[in-house]
Structures are given as structure tokens and as C-alpha cells.
Amino acid sequence: MSERPPISPRSPRAALEPEQVPPPPKRSERARNPFVVVGNAIITVVLVSMIGVGAAYVYGKQKIEAPGPLQEDKIVNIPSRAGMTDIADILQREGVIDNNRWAFIGSVFALKARSELKPGEYAFQKYASLRDVIGIMVEGKVVQHAVTIPEGLTSEQIAARLSDNDIFAGAVKEMPREGTLLPETYKFPRGTTRDQVIQRMQQAQKRVLAEIWERRNPDIPIRTPDQLITLASIVEKETGKADERSRVAAVFVNRLRQRIKLQSDPTIIYGLVGGKGTLGRPIKRSEIQQPSPYNTYVVDGLPPGPIANPGRASLEAAANPARTRDLFFVADGTGGHAFTETYDQHQKNVAKLRTMEKQLQIDAVEPADDALPPAAAGAPADTNPTATTVKPAPAKKPARSSAPPARQGAAQSTASPSVLQQ
């Protein structure tokens, strides 16, 4: 064992005095270096900043993805040239974002979408988050408005409808040529110009016409796509029943083959009023013999152009008519038509309809001597179609009654037999 060093005795006074603690070691020259001090400060600042950024990121992410205040789906229009502050004000006013618009502005910067926000009409879903709102505007998912153009309208009537629809902008600079627009349901965003609408309808018509023309029956006496449109427009105006179009087309095709005048009342009307489409009164007897390029009681074959804008179904029917020998059709009193091959059977169908008309026309007013009575039930509202006949008969003054006899002096082409004889 090693011996412990002897402990020197301390005086009583020394024992009462506190022991002296050795002084702390001096800082090294390296620790006192100013570069080290600055470096430590920078590291501290960076660490604090990283913690702050991380906290801000977590908070911002929660804020951007949190459900918004919108209580129900809403459509909001963001005008063109609206700045980011203007957009925030509009969204705040419409209740899409909360009262802290700076949260929206900050989210736009965070998502790097400052220059990507697009104007337009947007549909925001209820409780849409800031991310949803900004994403919709960046992608330009504007509201698409469905616009339906009915079959059988003239180009002038279609242009008038577009002018009355306030979702479109601008004016129709040039009236489109008859028959060049495809009636259909289209979708457009608000602010689309009316000329753009017309261009789209024309492009759709060209595409559909080309497809149908390629699939047409090569035996039909139609030589050009324009003639197909003309025939289809007559079919469109003659019947509104889908299951009758091909058979109505067959009647006119058979007449063309046999060089029989088409004698379609809608063509007379178009010759009288042009693009306005409606006559507003029955056809007069004098107008049936009035010379006009569109009067198919006078001219042979097809008129010089379409009398309306036919739809796809009528174009299909004209290109591929039913395989029948029918030359006549007349309203059957139930909204449809009775088709026949012979004149005698056709006259019997006319007589049946006369009987039905007499039963229905209890309080009918006597027609004027020079006017044709209204079209029978089931005929299109904007035409005055007539019973189709071929054999001529001696002219005589019609009887003044509520149900006058069918005209027999010329072939008549459509649905209503209520026509006075020449």
C-alpha cells in the first residue's frame, strides 16, 4: 500500500477561511476568433429560421387545404384584366374565401400561380379550399353553358337566337349561308363571340355532312352534297317524327326519279318570306301559282338551295331513304302521316282526314276565299303542309265550309289535307 501524504495541520484561523476555488481556464485563442463568433451566430440564425419556415409551412399547408367558408356551390365571374387584389376582393365578397384576403394572396404566391390566374366564369363547390379555388382558376375550368339550336330553323332565325342569348359577346358580322349550320346542343363559356359560335356550327356541319355523304345510297338522284342538304331541309320541315323522316325522304326521292314536281308547301313559304322562316298565315291559292325559284309547284326538281338548316337525322334520311314506292303522304289525324303509292288510295286517306276534321272543327271560322286553312294537327307549327296528290283535276271554286275539299289540281307534298282547290 502506498502511504498517504501527511496532512499538515491548519491553524484555527485558516480553518475558518473559505477555500479558494481555482480560476476557470482561459478561453482558447480559437474560441475568441471573430470568425468563429460570426459563424456561430449565423448557424443560430439559420436554425431558428428553419424552425420558423417549417412552422410557417405547416401552418400554410393547413390553411391552403382547409375547407373554405362557401356554404353552397356558387358561380362567380372573374372579369378580364382583374388584378390579384381585385380577384381576392371578388372572391371575398362572394363568400368563396374568408375575410382574410391576404391568406389568398399568400397562397397564390406559395403555389407560384401569380401570373397563372385566368379570368372567366367559374363554378366553385361548397367548402372549396384555397388550393381548390386557385387550381380551378389556374386550369381555366370555366363554366360551359349548354345552348340548344333546334332543327329546321333558318340561318336568320339561328342568328336571332344567338343575339338574344346574353352569354355571347359581339355581333354576327355576316349572315351564314342557309343550310351551313348544324342544329345541335353545344357548350360554350360565357363571353364566346357569336361569330365563334357560328364558325363552330359550320365546322360541325361540314364534318357531319362529309360522313353522311360517304355513306349515302349511291342510287339516290342526288348529285352533290349541297343537293343533299336541300332535300334534307325539305324533309326537316315536312315532319317532326323521327320514325317518318326516311319515308318522307323516300316520297321526294321517288318523285325526283319520276320527274314529278315535289310540290312542297314549306318551299313556297321560304320563297315568300326567305330567312324569316314563318309566314304567319295560311298560304293563299294565288301564291301556289306565283313564280318563284323556291315554288316546287312550279319548278321541276329541287329548289336552288336549302330552306332551313336540317339536323343530322334528316341528312341521314335524305342520304338513305326508305325503300318504298310511296308518292303521297297525308296527315292521319294522330300526329303522323299516311303514305300511299297510288292516287286513289291517297284520296281515301284524304277523305278519312276530312271526316276527322269535321268532327273536330265544331266552332271553326269560315276561311277566306283566297286563303288556305291552317295545317292539320301534327304538322310543324311554322309550315302549312298539304296533302300530296299527283293527278290533275278540273279547277273549280272551293266550297265555303270549315273543312274544304283537298286541292287536286297539283301534286301536294306534306302533312295537311286542309288545302283549297285551285
# chains A, B, ... in the order shown; residues from 1 in each chain; ligands from 1
$ residues_around --residues "Thr154 in chain A" --least-positions-apart "4" --cutoff "6 Å" --atoms "only C-alpha atoms" --output "list in words"
Gly275, Ala308 and Asn309 of chain A
$ write_last_selection --atoms "N, CA and C atoms" --output "PDB file, in the first residue's frame"
ATOM      1  N   GLY A 275     -85.474  34.003 -95.152  1.00  0.00           N
ATOM      2  CA  GLY A 275     -84.898  33.536 -93.906  1.00  0.00           C
ATOM      3  C   GLY A 275     -85.737  33.747 -92.668  1.00  0.00           C
ATOM      4  N   ALA A 308     -83.872  25.621 -94.871  1.00  0.00           N
ATOM      5  CA  ALA A 308     -83.639  25.641 -93.427  1.00  0.00           C
ATOM      6  C   ALA A 308     -82.311  24.939 -93.167  1.00  0.00           C
ATOM      7  N   ASN A 309     -81.975  24.817 -91.906  1.00  0.00           N
ATOM      8  CA  ASN A 309     -80.779  24.080 -91.503  1.00  0.00           C
ATOM      9  C   ASN A 309     -81.213  22.731 -90.944  1.00  0.00           C
TER      10      ASN A 309
END
$ atom_distance --atom1 "CA of Asn165 in chain A" --atom2 "CA of Arg190 in chain A"
10.2 Å
$ closest_atom_pairs --of "range 50-166 of chain A" --to "range 194-199 of chain A" --cutoff "10 Å" --atoms "only C-alpha atoms" --output "CSV"
residue,atom,partner,partner_atom,distance
A:Ser155,CA,A:Ile198,CA,9.7
A:Ile158,CA,A:Ile198,CA,9.2
A:Ala159,CA,A:Ile198,CA,8.3
A:Leu162,CA,A:Arg194,CA,6.6
A:Ser163,CA,A:Arg194,CA,7.6
A:Asn165,CA,A:Arg194,CA,9.5
$ residues_around --residues "Asn77 in chain A" --least-positions-apart "3" --cutoff "7 Å" --atoms "only C-alpha atoms" --output "PyMOL selection string"
chain A and resi 120-122
$ closest_residue --among "A:Ala319, A:Ile167, A:Leu272, A:Leu360" --to "Asn217 in chain A" --atoms "only C-alpha atoms"
A:Ala319
$ residues_around --residues "Ala123 in chain A" --least-positions-apart "4" --cutoff "8 Å" --atoms "only C-alpha atoms" --output "ChimeraX atom specification"
/A:73-76,142-143
$ closest_atom_pairs --of "range 260-302 of chain A" --to "range 327-334 of chain A" --cutoff "12 Å" --atoms "only C-alpha atoms" --output "tab-separated table"
residue	atom	partner	partner_atom	distance
A:Ile260	CA	A:Leu327	CA	9.2
A:Lys261	CA	A:Leu327	CA	10.8
A:Leu262	CA	A:Leu327	CA	9.7
A:Gln263	CA	A:Phe328	CA	10.8
A:Ser264	CA	A:Phe328	CA	11.4
$ write_last_selection --atoms "N, CA and C atoms" --output "PDB file, in the first residue's frame"
ATOM      1  N   ILE A 260     -91.550  14.047-111.157  1.00  0.00           N
ATOM      2  CA  ILE A 260     -92.797  14.630-110.675  1.00  0.00           C
ATOM      3  C   ILE A 260     -92.439  15.820-109.778  1.00  0.00           C
ATOM      4  N   LYS A 261     -93.126  16.895-109.927  1.00  0.00           N
ATOM      5  CA  LYS A 261     -92.846  18.073-109.100  1.00  0.00           C
ATOM      6  C   LYS A 261     -92.990  17.716-107.621  1.00  0.00           C
ATOM      7  N   LEU A 262     -92.105  18.255-106.819  1.00  0.00           N
ATOM      8  CA  LEU A 262     -92.118  17.947-105.386  1.00  0.00           C
ATOM      9  C   LEU A 262     -93.331  18.535-104.691  1.00  0.00           C
ATOM     10  N   GLN A 263     -93.730  19.743-105.086  1.00  0.00           N
ATOM     11  CA  GLN A 263     -94.926  20.403-104.566  1.00  0.00           C
ATOM     12  C   GLN A 263     -94.958  20.410-103.035  1.00  0.00           C
ATOM     13  N   SER A 264     -93.947  21.022-102.465  1.00  0.00           N
ATOM     14  CA  SER A 264     -93.814  21.131-101.009  1.00  0.00           C
ATOM     15  C   SER A 264     -94.194  22.530-100.555  1.00  0.00           C
TER      16      SER A 264
END
